[in-house]
Every structure is written in C-alpha cells, then in structure tokens.
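Asks: Got work-v1.pdb for you, PDB, C-alpha atoms:
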ATOM      1  CA  MET A  82     -18.095 143.638  63.865
ATOM      2  CA  ASP A  83     -14.453 144.668  64.179
ATOM      3  CA  GLN A  84     -13.892 147.929  65.976
ATOM      4  CA  VAL A  85     -11.518 150.268  64.202
ATOM      5  CA  ALA A  86     -10.037 153.334  65.847
ATOM      6  CA  SER A  87     -10.880 156.674  64.286
ATOM      7  CA  GLY A  88      -8.368 157.716  61.658
ATOM      8  CA  GLN A  89      -6.875 154.245  61.369
ATOM      9  CA  ALA A  90      -6.376 152.997  57.829
ATOM     10  CA  VAL A  91      -9.005 150.436  56.869
ATOM     11  CA  GLY A  92      -8.154 148.012  54.072
ATOM     12  CA  GLY A  93      -5.347 150.299  52.922
ATOM     13  CA  ARG A  94      -7.626 153.367  52.823
ATOM     14  CA  ARG A  95      -8.626 155.924  55.378
ATOM     15  CA  PRO A  96     -12.287 156.861  55.786
ATOM     16  CA  SER A  97     -13.252 159.898  53.760
ATOM     17  CA  PRO A  98     -12.630 163.214  55.558
ATOM     18  CA  VAL A  99     -16.343 164.040  55.524
ATOM     19  CA  ALA A 100     -17.269 160.680  57.047
ATOM     20  CA  GLN A 101     -14.470 160.968  59.600
ATOM     21  CA  ALA A 102     -15.501 164.496  60.636
ATOM     22  CA  ALA A 103     -19.159 163.495  60.917
ATOM     23  CA  GLY A 104     -18.235 160.470  62.980
ATOM     24  CA  GLU A 105     -16.039 162.448  65.350
ATOM     25  CA  ARG A 106     -18.793 165.039  65.905
ATOM     26  CA  ASN A 107     -21.392 162.412  66.684
ATOM     27  CA  GLY A 108     -19.123 160.041  68.578
ATOM     28  CA  LEU A 109     -19.668 157.443  65.830
ATOM     29  CA  SER A 110     -16.130 157.292  64.486
ATOM     30  CA  ASP A 111     -15.857 153.577  65.278
ATOM     31  CA  ARG A 112     -19.093 152.884  63.415
ATOM     32  CA  VAL A 113     -18.043 155.033  60.458
ATOM     33  CA  ALA A 114     -14.753 153.150  60.255
ATOM     34  CA  ALA A 115     -16.577 149.813  60.436
ATOM     35  CA  VAL A 116     -18.935 150.863  57.631
ATOM     36  CA  GLU A 117     -15.946 151.958  55.529
ATOM     37  CA  ALA A 118     -14.264 148.594  56.192
ATOM     38  CA  ALA A 119     -17.422 146.738  55.187
ATOM     39  CA  ARG A 120     -17.717 148.855  52.037
ATOM     40  CA  LEU A 121     -14.139 148.051  51.064
ATOM     41  CA  GLN A 122     -14.662 144.344  51.740
ATOM     42  CA  LEU A 123     -17.812 144.400  49.619
ATOM     43  CA  GLY A 124     -15.820 145.974  46.786
ATOM     44  CA  ARG A 125     -13.195 143.221  46.997
ATOM     45  CA  ASP A 126     -15.904 140.547  47.092
ATOM     46  CA  LEU A 127     -17.618 142.042  44.041
ATOM     47  CA  ASP A 128     -14.303 142.160  42.161
ATOM     48  CA  ARG A 129     -13.709 138.469  42.898
ATOM     49  CA  LEU A 130     -17.271 137.616  41.892
ATOM     50  CA  THR A 131     -16.839 139.543  38.654
ATOM     51  CA  VAL A 132     -13.704 137.538  37.793
ATOM     52  CA  GLU A 133     -15.480 134.244  38.540
ATOM     53  CA  THR A 134     -18.533 135.299  36.546
ATOM     54  CA  ARG A 135     -16.400 136.297  33.574
ATOM     55  CA  ALA A 136     -14.672 132.912  33.650
ATOM     56  CA  GLN A 137     -18.024 131.112  33.694
ATOM     57  CA  MET A 138     -19.330 133.307  30.877
ATOM     58  CA  GLY A 139     -16.206 132.497  28.855
ATOM     59  CA  GLN A 140     -16.810 128.784  29.317
ATOM     60  CA  THR A 141     -20.459 129.190  28.350
ATOM     61  CA  MET A 142     -19.545 131.168  25.242
ATOM     62  CA  GLU A 143     -16.994 128.504  24.301
ATOM     63  CA  LYS A 144     -19.672 125.800  24.583
ATOM     64  CA  ILE A 145     -22.099 127.818  22.463
ATOM     65  CA  ALA A 146     -19.415 128.525  19.839
ATOM     66  CA  TRP A 147     -18.587 124.833  19.617
ATOM     67  CA  LYS A 148     -22.239 123.829  19.294
ATOM     68  CA  VAL A 149     -22.735 126.346  16.484
ATOM     69  CA  ALA A 150     -19.549 125.246  14.695
ATOM     70  CA  GLY A 151     -20.174 121.517  15.122
ATOM     71  CA  LEU A 152     -23.860 121.654  14.234
ATOM     72  CA  GLY A 153     -23.310 124.053  11.345
ATOM     73  CA  SER A 154     -20.662 121.853   9.754
ATOM     74  CA  ALA A 155     -22.814 118.742  10.178
ATOM     75  CA  VAL A 156     -25.893 120.401   8.657
ATOM     76  CA  LEU A 157     -23.938 121.741   5.688
ATOM     77  CA  ALA A 158     -22.352 118.333   5.107
ATOM     78  CA  GLY A 159     -25.783 116.670   5.246
ATOM     79  CA  ILE A 160     -27.210 119.106   2.707
ATOM     80  CA  ALA A 161     -24.225 118.653   0.394
ATOM     81  CA  MET A 162     -24.437 114.851   0.648
ATOM     82  CA  ARG A 163     -28.152 114.813  -0.059
ATOM     83  CA  SER A 164     -27.564 116.924  -3.159
ATOM     84  CA  ALA A 165     -24.734 114.642  -4.285
ATOM     85  CA  LEU A 166     -26.856 111.520  -3.723
ATOM     86  CA  LYS A 167     -29.750 113.054  -5.662
ATOM     87  CA  THR A 168     -27.440 113.860  -8.584
ATOM     88  CA  GLY A 169     -25.933 110.368  -8.476
ATOM     89  CA  TRP A 170     -29.402 108.752  -8.373
ATOM     90  CA  GLU A 171     -30.505 110.798 -11.389
ATOM     91  CA  LYS A 172     -27.402 109.835 -13.403
ATOM     92  CA  VAL A 173     -27.703 106.122 -12.622
ATOM     93  CA  ARG A 174     -31.497 105.713 -12.723
ATOM     94  CA  HIS A 175     -32.346 108.505 -15.210
ATOM     95  CA  GLU A 176     -35.196 109.628 -12.964
ATOM     96  CA  GLN A 177     -35.775 111.694  -9.861
ATOM     97  CA  PRO A 178     -35.281 109.945  -6.511
ATOM     98  CA  PRO A 179     -38.455 109.446  -4.502
ATOM     99  CA  MET A 180     -38.934 112.663  -2.547
ATOM    100  CA  ASN A 181     -41.261 110.871  -0.147
ATOM    101  CA  PRO A 182     -40.520 107.125  -0.098
ATOM    102  CA  ALA A 183     -43.745 106.515   1.875
ATOM    103  CA  THR A 184     -46.042 107.481  -1.016
ATOM    104  CA  PRO A 185     -48.009 104.539  -2.465
ATOM    105  CA  GLY A 186     -46.708 105.176  -6.018
ATOM    106  CA  THR A 187     -43.108 104.419  -4.978
ATOM    107  CA  SER A 188     -41.991 100.784  -5.221
ATOM    108  CA  TRP A 189     -40.692  99.096  -2.090
ATOM    109  CA  GLY A 190     -37.281  98.499  -3.618
ATOM    110  CA  GLU A 191     -36.914 102.101  -4.725
ATOM    111  CA  ALA A 192     -38.109 103.411  -1.339
ATOM    112  CA  VAL A 193     -35.740 101.172   0.640
ATOM    113  CA  ALA A 194     -32.765 101.888  -1.647
ATOM    114  CA  TRP A 195     -33.217 105.658  -1.459
ATOM    115  CA  THR A 196     -33.772 105.620   2.310
ATOM    116  CA  MET A 197     -30.702 103.450   2.940
ATOM    117  CA  ALA A 198     -28.487 105.507   0.630
ATOM    118  CA  LEU A 199     -29.697 108.773   2.101
ATOM    119  CA  GLY A 200     -29.435 107.610   5.719
ATOM    120  CA  ALA A 201     -25.965 106.121   5.362
ATOM    121  CA  GLY A 202     -24.610 108.908   3.160
ATOM    122  CA  VAL A 203     -25.877 111.789   5.256
ATOM    123  CA  GLY A 204     -24.870 110.055   8.500
ATOM    124  CA  VAL A 205     -21.308 109.467   7.328
ATOM    125  CA  ALA A 206     -21.036 113.002   5.919
ATOM    126  CA  ARG A 207     -22.221 114.526   9.195
ATOM    127  CA  MET A 208     -19.793 112.386  11.199
ATOM    128  CA  LEU A 209     -16.871 113.368   8.948
ATOM    129  CA  ALA A 210     -17.810 117.043   9.152
ATOM    130  CA  SER A 211     -18.103 116.903  12.951
ATOM    131  CA  ARG A 212     -14.709 115.229  13.237
ATOM    132  CA  ALA A 213     -13.156 117.787  10.899
ATOM    133  CA  ALA A 214     -14.709 120.628  12.907
ATOM    134  CA  ALA A 215     -13.350 119.122  16.143
ATOM    135  CA  ALA A 216      -9.880 118.800  14.620
ATOM    136  CA  GLY A 217     -10.049 122.408  13.423
ATOM    137  CA  TRP A 218     -11.203 123.548  16.869
ATOM    138  CA  GLN A 219      -8.343 121.697  18.513
ATOM    139  CA  LYS A 220      -5.817 123.166  16.085
ATOM    140  CA  ALA A 221      -7.169 126.698  16.581
ATOM    141  CA  THR A 222      -7.544 126.616  20.373
ATOM    142  CA  GLY A 223      -5.106 123.926  21.478
ATOM    143  CA  THR A 224      -7.868 122.123  23.404
ATOM    144  CA  MET A 225     -10.567 119.636  22.568
ATOM    145  CA  PRO A 226     -14.026 121.113  22.011
ATOM    146  CA  PRO A 227     -16.182 121.385  25.139
ATOM    147  CA  GLY A 228     -17.905 118.102  25.917
ATOM    148  CA  LEU A 229     -15.556 115.974  23.806
ATOM    149  CA  GLU A 230     -12.833 113.931  25.406
ATOM    150  CA  SER A 231     -10.080 112.252  23.529
ATOM    151  CA  ARG A 232     -10.298 108.502  23.777
ATOM    152  CA  ARG A 233      -7.000 106.950  24.608
ATOM    153  CA  LYS A 234      -6.178 103.377  23.827
ATOM    154  CA  THR A 235      -5.222 101.499  26.943
TER     155      THR A 235
END
Go through the file and emit its structure as structure tokens.

Replies:
Amino acid sequence: MDQVASGQAVGGRRPSPVAQAAGERNGLSDRVAAVEAARLQLGRDLDRLTVETRAQMGQTMEKIAWKVAGLGSAVLAGIAMRSALKTGWEKVRHEQPPMNPATPGTSWGEAVAWTMALGAGVGVARMLASRAAAAGWQKATGTMPPGLESRRKT
C-alpha cells in the first residue's frame, strides 16, 4: 500500500478534516490517507464500470429491439399472407381451404396444394418483411441490425 504523508492531497482531494484530525491524534494519519486514496480509486473504478455496463446494456437493448421488430414484422406478414391465400383459395375454388390438411376427409391433391401455397406464400412474405424491417432499421440507425452483416460481392 502506498504511504501518503498526512495532509497531502490524495487523488486531487485531501482527506476529510475529521478523518485527518482523528488520524493525527492516533498516529494513523498515513493509514487514514491510504484509506482515502483507496476510497477515491474505488470511486473511479466504479465510474468506469458503470460506463462499461451502460454500453453493454445499450447493446443488449439494441439486440432485443431488433428481435422484436424483425420478429413482429415477420409474424404480421405471415398472418396477412395466410389471410390473403385463404381469400384467394375461396374465390378460385368456391370453398374453404382445408384448415387441417391431415384430416382423412381432405383429398391428397387439395392437402398438398394448400400446404405448398401456404408454406411458400408465408415464407416469402416473412422474408420480405424481415428484409424491409432490416432496411428500415438501417435507415433509422445508420447501421445494420445486430447479428446481420451485409454480404459484399467479391
């Protein structure tokens, strides 16, 4: 531990008058000064830790915000596409699409057609919505969303 002379400024501050007086009476002025120096160093360390923690929390919040935005847009696009496909099926076939293609009363052709249309339509809609959300994120923040890298052609 560094020895500091009584009354000497420690870290830009002098020990408190009460601590200095108590130390001088007991012959512990060097110890009091060392404790004050350690207290000041602890304060600086905590300030630095707080800044680092805030930066990490900001990055975590950014990741969460992106996940909510990306997932939310994809889910909404999937719901909208399913509704559009159902309406289109009803207009073309003049009947409801099979709600559960696995039921025995549904023909194989009808089950496969609905499953393929739904899978492809919802998949494409979700991909388009995710790309649009990423473009919006980039426009709003100036950076790519967390976890996405731009692919460059080489």

Asks: Expanded to explicit residues, what is the PyMOL selection byres ((chain A and resi 212) around 12) for this file, as a PyMOL selection string?

Replies: chain A and resi 150-152+154-155+158+205-211+213-219+225-226+229+231

Asks: Determine, counting only C-alpha atoms, which protein, DNA and RNA residues have an atom within 12 Å of an atom of A:Trp170; residues of the same chain fewer than 4 positions away are not included. Present the result as a ChimeraX atom specification.

Replies: /A:162-166,174-180,191,194-196,198-199

Asks: Using Å and a single decimal, report how far atom CA of A:Thr224 sits from atom CA of A:Leu130.

Replies: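 We find that atom CA of A:Leu130 and atom CA of A:Thr224 lie 25.9 Å from each other.
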
Asks: Specify the axis-aligned box that encloses all atoms of stretch 105-124 of chain A listed in the file after padding of 4 Å on each side, stating its centre and edge lengths in Å to one decimal as lines of an AutoDock Vina configuration file.

Replies:
center_x = -17.8
center_y = 154.7
center_z = 57.7
size_x = 15.3
size_y = 28.7
size_z = 29.8

Asks: Tell me, in Å to one decimal, how far atom CA of A:Lys220 is from atom CA of A:Ile160.

Replies: 25.6 Å

Asks: Quote the spacing between atom CA of A:Val203 and atom CA of A:Asn181 in Å to one decimal place.

Replies: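 Answer for the atom CA of A:Val203 to atom CA of A:Asn181 separation: 16.3 Å.
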